[in-house]
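Participant: The following file, coords29.txt, comprises compact mmCIF, C-alpha atoms and all ligand atoms:
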# COMPACT_ATOMS: atom_id res chain seq x y z
CA MET A 1 0.00 0.00 0.00
CA ASP A 2 1.26 3.45 -0.88
CA LYS A 3 1.36 6.40 1.43
CA ILE A 4 2.01 9.88 0.09
CA SER A 5 3.53 12.42 2.46
CA ILE A 6 2.72 15.94 1.36
CA ILE A 7 4.92 18.60 2.87
CA VAL A 8 3.61 22.15 3.01
CA SER A 9 5.70 25.01 4.36
CA CYS A 10 3.68 27.89 5.74
CA TYR A 11 4.87 31.32 6.65
CA ASN A 12 2.04 33.70 7.51
CA GLU A 13 -0.49 31.84 5.38
CA GLU A 14 -3.62 32.28 7.48
CA LYS A 15 -5.53 33.59 4.47
CA ALA A 16 -4.40 30.98 1.96
CA LEU A 17 -4.20 27.88 4.14
CA PRO A 18 -7.94 27.12 4.57
CA ILE A 19 -8.50 27.48 0.81
CA PHE A 20 -5.47 25.33 0.14
CA TYR A 21 -6.56 22.59 2.53
CA LYS A 22 -10.03 22.42 1.00
CA GLU A 23 -8.61 22.05 -2.48
CA LEU A 24 -6.05 19.50 -1.33
CA ILE A 25 -8.70 17.30 0.30
CA ASN A 26 -10.82 17.59 -2.80
CA GLN A 27 -7.98 16.34 -5.02
CA VAL A 28 -6.82 13.65 -2.62
CA SER A 29 -10.31 12.14 -2.59
CA LYS A 30 -9.86 11.33 -6.29
CA PHE A 31 -7.01 8.92 -5.55
CA PRO A 32 -7.50 5.13 -5.46
CA LYS A 33 -8.85 4.04 -2.06
CA ASP A 34 -5.72 2.09 -1.10
CA VAL A 35 -3.50 5.19 -1.21
CA ASP A 36 -2.95 6.68 2.21
CA PHE A 37 -1.91 10.27 2.93
CA GLU A 38 -0.22 12.43 5.50
CA PHE A 39 -0.05 16.20 5.29
CA ILE A 40 2.97 17.60 7.06
CA MET A 41 2.40 21.29 7.63
CA VAL A 42 5.54 23.09 8.67
CA ASN A 43 4.89 26.37 10.42
CA ASP A 44 7.99 28.42 9.65
CA GLY A 45 7.76 30.91 12.52
CA SER A 46 4.57 32.63 11.34
CA TYR A 47 3.37 35.54 13.46
CA ASP A 48 -0.23 35.44 12.29
CA GLY A 49 -2.86 32.76 13.01
CA THR A 50 -1.26 30.07 10.80
CA LEU A 51 -0.33 27.72 13.63
CA ASN A 52 -3.83 27.87 15.13
CA ILE A 53 -5.35 27.03 11.78
CA ILE A 54 -2.99 24.07 11.39
CA LYS A 55 -3.76 22.81 14.89
CA ASP A 56 -7.44 23.13 14.19
CA LEU A 57 -7.06 21.08 11.00
CA ALA A 58 -5.02 18.49 12.88
CA SER A 59 -7.73 18.08 15.49
CA LYS A 60 -10.28 17.31 12.77
CA ASP A 61 -8.15 15.31 10.33
CA TYR A 62 -5.78 12.62 11.66
CA ARG A 63 -3.69 12.90 8.50
CA VAL A 64 -2.62 16.45 9.34
CA LYS A 65 0.75 16.49 11.10
CA TYR A 66 2.56 19.64 12.03
CA ILE A 67 6.01 20.81 12.90
CA SER A 68 6.31 24.31 14.30
CA PHE A 69 9.66 26.13 14.24
CA SER A 70 10.92 28.35 17.03
CA ARG A 71 11.35 31.20 14.54
CA ASN A 72 11.44 31.79 10.79
CA PHE A 73 14.12 29.55 9.28
CA GLY A 74 13.09 29.87 5.62
CA LYS A 75 11.32 27.61 3.18
CA GLU A 76 14.38 25.47 2.49
CA ALA A 77 14.67 24.56 6.16
CA ALA A 78 10.94 23.84 6.30
CA MET A 79 11.19 21.46 3.35
CA PHE A 80 14.10 19.67 5.00
CA ALA A 81 12.25 19.28 8.31
CA GLY A 82 9.15 17.99 6.54
CA LEU A 83 11.11 15.42 4.57
CA GLU A 84 12.95 14.29 7.66
CA HIS A 85 9.74 13.54 9.54
CA ALA A 86 7.70 12.13 6.68
CA SER A 87 6.87 8.44 6.83
CA GLY A 88 5.41 7.81 3.38
CA THR A 89 6.49 5.69 0.43
CA TYR A 90 6.16 8.73 -1.82
CA PHE A 91 6.82 12.34 -0.97
CA SER A 92 5.56 15.59 -2.33
CA TYR A 93 6.28 19.21 -1.62
CA MET A 94 3.71 21.97 -2.16
CA ASP A 95 3.37 25.70 -1.47
CA ALA A 96 0.44 26.77 0.67
CA ASP A 97 -0.78 29.41 -1.78
CA LEU A 98 -2.11 27.03 -4.48
CA GLN A 99 0.60 28.10 -6.91
CA ASP A 100 1.48 24.41 -6.99
CA PRO A 101 -1.86 23.03 -8.21
CA PRO A 102 -2.89 19.93 -6.21
CA GLU A 103 -4.89 18.69 -9.21
CA LEU A 104 -1.58 17.68 -10.82
CA LEU A 105 -0.80 15.27 -8.02
CA LEU A 106 -2.88 12.38 -9.33
CA GLU A 107 -1.28 12.71 -12.74
CA MET A 108 2.15 12.74 -11.11
CA TYR A 109 1.32 9.66 -9.07
CA ASN A 110 0.07 7.77 -12.13
CA LEU A 111 3.18 8.72 -14.07
CA ILE A 112 5.54 7.61 -11.34
CA LYS A 113 3.70 4.29 -11.07
CA GLU A 114 3.30 3.60 -14.78
CA GLU A 115 6.69 4.76 -15.97
CA GLY A 116 8.61 3.59 -12.93
CA ARG A 117 10.34 6.95 -12.50
CA ASP A 118 12.09 8.06 -9.33
CA ALA A 119 10.71 11.56 -9.38
CA ILE A 120 8.28 13.78 -11.23
CA GLY A 121 9.24 17.44 -11.14
CA THR A 122 7.21 20.40 -12.33
CA ARG A 123 8.16 23.49 -14.23
CA ARG A 124 6.35 26.57 -15.33
CA ALA A 125 5.64 26.58 -19.06
CA THR A 126 5.61 30.38 -19.20
CA ARG A 127 6.55 33.28 -17.00
CA LYS A 128 3.22 35.03 -17.59
CA GLY A 129 2.21 37.49 -14.90
CA GLU A 130 5.82 38.09 -13.86
CA PRO A 131 7.53 41.50 -14.18
CA ILE A 132 9.66 41.66 -17.34
CA VAL A 133 12.83 42.60 -15.47
CA ARG A 134 12.43 39.58 -13.19
CA SER A 135 11.91 37.23 -16.15
CA PHE A 136 15.00 38.62 -17.84
CA PHE A 137 17.20 38.08 -14.80
CA SER A 138 15.75 34.63 -14.16
CA LYS A 139 16.56 33.52 -17.68
CA LEU A 140 20.04 35.01 -17.42
CA PHE A 141 20.57 33.22 -14.13
CA TYR A 142 19.70 29.80 -15.58
CA LYS A 143 21.97 30.43 -18.58
CA ILE A 144 24.88 31.28 -16.31
CA ILE A 145 24.37 28.55 -13.76
CA ASN A 146 23.93 25.84 -16.36
CA LYS A 147 27.27 26.80 -17.87
CA MET A 148 28.88 26.49 -14.47
CA THR A 149 27.45 23.22 -13.16
CA PRO A 150 27.96 19.69 -14.49
CA PHE A 151 24.25 18.83 -14.17
CA GLU A 152 21.19 20.66 -15.47
CA MET A 153 19.15 23.11 -13.48
CA VAL A 154 15.82 23.29 -15.24
CA ASP A 155 14.61 26.81 -16.04
CA GLY A 156 11.31 27.55 -14.32
CA ALA A 157 11.50 24.44 -12.14
CA ARG A 158 9.24 24.64 -9.10
CA ASP A 159 9.82 22.90 -5.81
CA TYR A 160 6.53 21.07 -6.39
CA ALA A 161 7.39 17.42 -7.05
CA LEU A 162 6.57 13.81 -6.24
CA PHE A 163 9.37 11.36 -5.55
CA ASN A 164 10.13 7.98 -4.04
CA ARG A 165 11.96 7.07 -0.87
CA ALA A 166 15.38 6.63 -2.50
CA PHE A 167 15.13 10.11 -3.95
CA ARG A 168 14.00 11.54 -0.63
CA ASN A 169 16.92 9.88 1.16
CA ALA A 170 19.30 11.35 -1.37
CA LEU A 171 17.82 14.82 -0.79
CA LEU A 172 18.16 14.37 2.96
CA SER A 173 21.78 13.31 2.63
CA LEU A 174 22.50 16.85 1.42
CA ASN A 175 22.35 18.23 4.92
CA GLU A 176 24.30 21.42 4.33
CA TYR A 177 23.43 24.66 6.05
CA ASN A 178 23.31 26.84 2.91
CA ARG A 179 20.40 25.19 1.20
CA TYR A 180 19.54 25.65 -2.44
CA SER A 181 17.06 22.89 -3.18
CA LYS A 182 16.56 23.75 -6.86
CA GLY A 183 20.13 22.63 -7.36
CA PHE A 184 19.70 19.55 -5.15
CA PHE A 185 17.20 18.16 -7.61
CA GLY A 186 19.73 18.17 -10.43
CA PHE A 187 22.61 17.17 -8.19
CA VAL A 188 21.11 13.90 -6.89
CA GLY A 189 20.40 12.66 -10.40
CA PHE A 190 17.95 9.71 -10.69
CA ASP A 191 15.31 9.29 -13.35
CA VAL A 192 13.27 12.50 -13.27
CA LYS A 193 10.45 13.51 -15.59
CA TRP A 194 9.35 17.13 -15.83
CA LEU A 195 5.72 18.15 -16.13
CA GLU A 196 4.82 21.58 -17.43
CA TYR A 197 1.99 23.75 -16.26
CA GLU A 198 0.76 27.31 -16.64
CA ASN A 199 1.95 29.75 -14.04
CA LYS A 200 -0.68 30.40 -11.36
CA GLU A 201 -1.21 33.50 -9.23
CA ARG A 202 -1.24 32.96 -5.48
CA VAL A 203 -4.83 32.63 -4.09
CA ALA A 204 -4.51 34.92 -1.08
CA GLY A 205 -1.90 36.75 0.99
CA LYS A 206 1.26 38.03 -0.67
CA THR A 207 4.61 36.73 -1.83
CA LYS A 208 7.59 36.87 0.52
CA TRP A 209 10.05 37.37 -2.31
CA SER A 210 11.21 40.82 -3.35
CA PHE A 211 13.50 41.32 -6.33
CA TRP A 212 16.56 41.70 -4.10
CA LYS A 213 15.72 38.64 -2.06
CA LEU A 214 15.55 36.68 -5.31
CA PHE A 215 18.82 38.23 -6.44
CA GLY A 216 20.49 37.08 -3.22
CA TYR A 217 18.97 33.63 -3.70
CA ALA A 218 20.43 33.46 -7.20
CA LEU A 219 23.91 34.30 -5.88
CA GLU A 220 23.37 31.66 -3.22
CA GLY A 221 22.65 29.16 -5.99
CA ILE A 222 25.81 29.99 -7.87
CA THR A 223 28.11 29.84 -4.87
CA ALA A 224 26.43 26.68 -3.57
CA PHE A 225 26.98 24.69 -6.75
CA SER A 226 29.94 26.15 -8.51
CA THR A 227 33.39 27.43 -7.75
CA ALA A 228 33.64 28.96 -11.22
CA PRO A 229 33.56 32.55 -9.87
CA LEU A 230 36.84 31.84 -8.08
CA ILE A 231 38.34 30.71 -11.37
CA ILE A 232 36.98 33.81 -13.09
CA ALA A 233 38.71 35.96 -10.47
CA SER A 234 42.03 34.19 -11.09
CA VAL A 235 41.67 34.42 -14.87
CA LEU A 236 40.89 38.13 -14.63
CA GLY A 237 43.99 38.62 -12.49
CA LEU A 238 46.13 36.78 -15.01
CA LEU A 239 44.63 38.67 -17.93
CA PHE A 240 45.39 42.00 -16.32
CA CYS A 241 48.99 40.97 -15.60
CA LEU A 242 49.40 40.14 -19.28
CA ILE A 243 47.85 43.42 -20.41
CA SER A 244 50.04 45.44 -18.09
CA PHE A 245 53.12 43.54 -19.27
CA LEU A 246 52.30 44.36 -22.88
CA LEU A 247 51.65 47.98 -21.98
CA ILE A 248 55.00 48.25 -20.22
CA ILE A 249 56.80 47.02 -23.32
CA ILE A 250 54.85 49.42 -25.52
CA ILE A 251 55.61 52.35 -23.20
CA ILE A 252 59.34 51.50 -23.03
CA ILE A 253 59.56 51.33 -26.80
CA LYS A 254 57.54 54.52 -27.21
CA THR A 255 59.76 56.39 -24.72
CA MET A 256 62.89 55.24 -26.49
CA VAL A 257 61.59 56.28 -29.90
CA MET A 258 59.68 59.48 -29.07
CA GLY A 259 61.22 60.76 -25.83
CA ASP A 260 59.21 61.17 -22.62
CA PRO A 261 56.37 63.67 -22.81
CA THR A 262 54.68 63.56 -19.37
CA SER A 263 51.18 62.93 -20.50
CA GLY A 264 48.50 60.31 -20.07
CA TRP A 265 47.69 60.76 -16.43
CA PRO A 266 43.87 60.60 -16.97
CA SER A 267 44.29 57.18 -18.54
CA LEU A 268 46.48 56.21 -15.59
CA VAL A 269 43.74 57.15 -13.15
CA CYS A 270 41.23 55.14 -15.16
CA ILE A 271 43.47 52.10 -15.11
CA ILE A 272 44.02 52.39 -11.36
CA PHE A 273 40.29 52.61 -10.81
CA MET A 274 39.58 49.62 -12.99
CA VAL A 275 42.28 47.43 -11.54
CA SER A 276 41.38 48.23 -7.97
CA GLY A 277 37.74 47.56 -8.85
CA ILE A 278 38.64 44.15 -10.15
CA GLN A 279 40.71 43.47 -7.06
CA LEU A 280 37.84 44.37 -4.78
CA PHE A 281 35.44 42.29 -6.85
CA SER A 282 37.72 39.25 -6.63
CA LEU A 283 38.14 39.78 -2.92
CA GLY A 284 34.36 39.91 -2.61
CA VAL A 285 34.00 36.62 -4.49
CA LEU A 286 36.57 35.05 -2.21
CA GLY A 287 34.71 36.47 0.78
CA GLN A 288 31.45 34.88 -0.38
CA TYR A 289 32.99 31.43 -0.36
CA LEU A 290 34.74 32.05 2.92
CA ALA A 291 31.47 33.17 4.50
CA LYS A 292 29.69 30.05 3.26
CA THR A 293 32.48 27.86 4.58
CA TYR A 294 32.32 29.65 7.92
CA LEU A 295 28.59 29.01 8.27
CA GLU A 296 29.01 25.40 7.17
CA VAL A 297 31.88 24.70 9.55
CA LYS A 298 29.84 25.86 12.55
CA LYS A 299 27.42 23.01 11.90
CA ARG A 300 24.44 24.83 13.28
CA PRO A 301 21.09 23.04 12.99
CA ILE A 302 19.10 23.76 9.84
CA TYR A 303 15.98 24.39 11.94
CA ILE A 304 14.84 24.32 15.56
CA MET A 305 11.51 22.72 16.32
CA LYS A 306 9.29 24.18 19.02
CA GLU A 307 6.33 21.84 18.90
CA THR A 308 4.88 19.01 16.85
CA ASN A 309 2.16 16.37 16.91
CA ILE A 310 4.36 13.76 15.30
CA GLU A 311 4.69 11.06 17.95
CA GLU A 312 8.36 10.05 17.50
CA ASN A 313 9.54 13.61 18.24
CA LYS A 314 7.53 14.50 21.30
N1 LIG B 1 7.58 30.20 2.98
C1 LIG B 1 8.17 29.67 4.13
N2 LIG B 1 9.13 30.40 4.78
C2 LIG B 1 9.56 31.61 4.33
C3 LIG B 1 8.97 32.14 3.14
C4 LIG B 1 8.00 31.41 2.49
O1 LIG B 1 7.82 28.58 4.55
O2 LIG B 1 10.41 32.22 4.98
C5 LIG B 1 6.53 29.43 2.28
C6 LIG B 1 5.24 30.18 2.00
O3 LIG B 1 4.36 30.11 3.09
C7 LIG B 1 4.71 29.45 0.78
C8 LIG B 1 5.98 29.04 0.05
O4 LIG B 1 7.02 29.07 1.02
O5 LIG B 1 3.98 28.29 1.13
C9 LIG B 1 6.29 29.94 -1.11
O6 LIG B 1 6.37 31.28 -0.70
P1 LIG B 1 5.86 32.47 -1.60
O7 LIG B 1 4.52 32.15 -2.16
O8 LIG B 1 5.99 33.71 -0.80
O9 LIG B 1 6.93 32.48 -2.75
P2 LIG B 1 6.67 32.62 -4.34
O10 LIG B 1 5.62 31.61 -4.70
O11 LIG B 1 6.21 34.01 -4.54
O12 LIG B 1 7.99 32.31 -4.94
MG MG B 2 3.82 31.55 -3.97
As structure tokens - that is how I would like this structure written.
Ligand code: UDP
Ligand code: MG
Facilitator:
Amino acid sequence: MDKISIIVSCYNEEKALPIFYKELINQVSKFPKDVDFEFIMVNDGSYDGTLNIIKDLASKDYRVKYISFSRNFGKEAAMFAGLEHASGTYFSYMDADLQDPPELLLEMYNLIKEEGRDAIGTRRATRKGEPIVRSFFSKLFYKIINKMTPFEMVDGARDYALFNRAFRNALLSLNEYNRYSKGFFGFVGFDVKWLEYENKERVAGKTKWSFWKLFGYALEGITAFSTAPLIIASVLGLLFCLISFLLIIIIIIKTMVMGDPTSGWPSLVCIIFMVSGIQLFSLGVLGQYLAKTYLEVKKRPIYIMKETNIEENK
């Protein structure tokens, strides 16, 4: 008998959660009778009524399990906690705002069963409804990161997926502190099929992602999966050494042939500015990796749980 563990991370979702739950139950009822479910709701330090709503659901539906964090640890941490405590044979992750349509779940389940895949991932077919600037930078990001990593990161991939226990164990084995789960999906490999669907607007409440938060997340992705920026810094350094060497030769020859008119100081200032800029940039890149290493070395927990109704953890 199959049991599907659905993990839902919730951060201030009091408006969306009841609508989400209703839709989820509606879709789950369409599954074959021998498929069991558990809904692991992870309250990621919400300061609105989210936890009360979850507890209320849990008191009415035995399938609702919850894990409540001691503060906001971020969606990545919530996904990790949910996976860790899930007891199913298949696992799914969904957002609480219905942007990951639960009606796809049955199709995903059938696919995984019929085709014997390890995981079914989802990706957005279009970026409709998204600001143009954001779309542009997203596309650019995927172009860059796919050049830098040995595996593919699928453009528009959502965290919404259904996967088996082996895949889940592989995801859990990546227990690093700086979490970038979009990359984890490509990194672990396995036989993954991607389903496409139209982008959906969130049903209620508002997104927690500003442009700059996304920008930081993108940098996180690059530093988490590639050390190419360090190589770029070294190559730039080397390139500038070569250029300066050539320039020195040219200047020596010029001085010998044409004498030494004291000119060219504006260009000198420009060069100093540029070179020191590149030096600072490279130092910054180095600093990024050092910072990540620092956080990783401390081995702090990915999340801290305050309360739960999952028996094994009480
Ligand atoms: N979320 C979370 N912790 C956070 C931020 C978001 O658990 O610190 C949850 C949020 O409740 C939602 C999902 O992650 O279920 C996606 O968040 P959101 O809809 O804000 O992101 P978007 O869909 O706009 O990328
Ligand atoms: Mg959303």
Participant: Choose the residue, out of A:Val297, A:Leu290, A:Val203, A:Cys270, that has the smallest atom-to-atom separation from ligand MG 2 (chain B); count all atoms listed in the file.
Facilitator: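 Closest candidate: A:Val203.
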Participant: Excluding same-chain residues fewer than 5 positions from segment 36-46 of chain A, what lies within 9 Å of it counting only C-alpha atoms, as a ChimeraX atom specification?
Facilitator: /A:1-13,28,51,54,62-75,77-79,81-83,85-88
Participant: Residues up to 6 Å from ligand MG 2 (chain B), counting all atoms listed in the file: could you list those as a list in words?
Facilitator: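 Written in the requested form, the residues are Asp97, Gln99, Arg202 and Thr207 of chain A.
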Participant: Within 12 Å of Ser135 of chain A, counting only C-alpha atoms, which residues show up once you throw out same-chain ones fewer than 4 positions away? Write them as a PyMOL selection string, please.
Facilitator: chain A and resi 126-131+139-142+155-156+211+214-215
Participant: What does the distance between atom CA of Ile271 of chain A and atom CA of Leu286 of chain A come to in Å, to one decimal place?
Facilitator: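 These atoms are spaced 22.5 Å apart.
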Participant: (16.2, 24.1, -1.5) in this file's frame - what residues fall within 8 Å of it? Use all atoms listed in the file and give the answer as a list of chain:residue names.
Facilitator: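 Result, sorted by chain then residue number: A:Lys75, A:Glu76, A:Ala77, A:Met79, A:Asp159, A:Arg179, A:Tyr180, A:Ser181, A:Lys182, A:Gly183, A:Phe184.
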Participant: Quick check, in Å to one decimal: how far apart do atom CA of Ile232 of chain A and atom CA of Ala218 of chain A lie?
Facilitator: 17.6 Å
Participant: Compare A:Pro102, A:Lys306, A:Ser244, A:Gln288 by their minimum atom-to-atom distance to Val275 of chain A, counting only C-alpha atoms, and give me the closest one.
Facilitator: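 Comparing A:Pro102, A:Lys306, A:Ser244, A:Gln288 against Val275 of chain A, the winner is A:Ser244.
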Participant: For a test of reading the model, state the distance in Å between atom CA of Leu283 of chain A and atom CA of Leu230 of chain A, rounded to one decimal.
Facilitator: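 Calculated distance between atom CA of Leu283 of chain A and atom CA of Leu230 of chain A is 9.6 Å.
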Participant: Closest to ligand LIG 1 (chain B) among A:Asn178, A:Asn169, A:Ser29, A:Ser210, using only C-alpha atoms and all ligand atoms?
Facilitator: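 Closest to ligand LIG 1 (chain B) of all the choices is A:Ser210.
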Participant: Please define a box with edges along x, y and z of the file around all atoms of segment 129-147 of chain A given in the file, extend it by 4 Å on each side, and return its centre and edge lengths in Å to one decimal, as AutoDock Vina command-line options.
Facilitator:
--center_x 14.7 --center_y 34.2 --center_z -15.9 --size_x 33.1 --size_y 24.8 --size_z 13.4
Participant: At a cut-off of 7 Å from (5.7, 14.4, -4.1) in the coordinates of the file, what residues are picked up using all atoms listed in the file, written as a PDB file with C-alpha atoms, in the frame of the given file?
Facilitator:
ATOM      1  CA  ILE A   6       2.720  15.940   1.360  1.00  0.00           C
ATOM      2  CA  TYR A  90       6.160   8.730  -1.820  1.00  0.00           C
ATOM      3  CA  PHE A  91       6.820  12.340  -0.970  1.00  0.00           C
ATOM      4  CA  SER A  92       5.560  15.590  -2.330  1.00  0.00           C
ATOM      5  CA  TYR A  93       6.280  19.210  -1.620  1.00  0.00           C
ATOM      6  CA  ALA A 161       7.390  17.420  -7.050  1.00  0.00           C
ATOM      7  CA  LEU A 162       6.570  13.810  -6.240  1.00  0.00           C
ATOM      8  CA  PHE A 163       9.370  11.360  -5.550  1.00  0.00           C
TER       9      PHE A 163
END
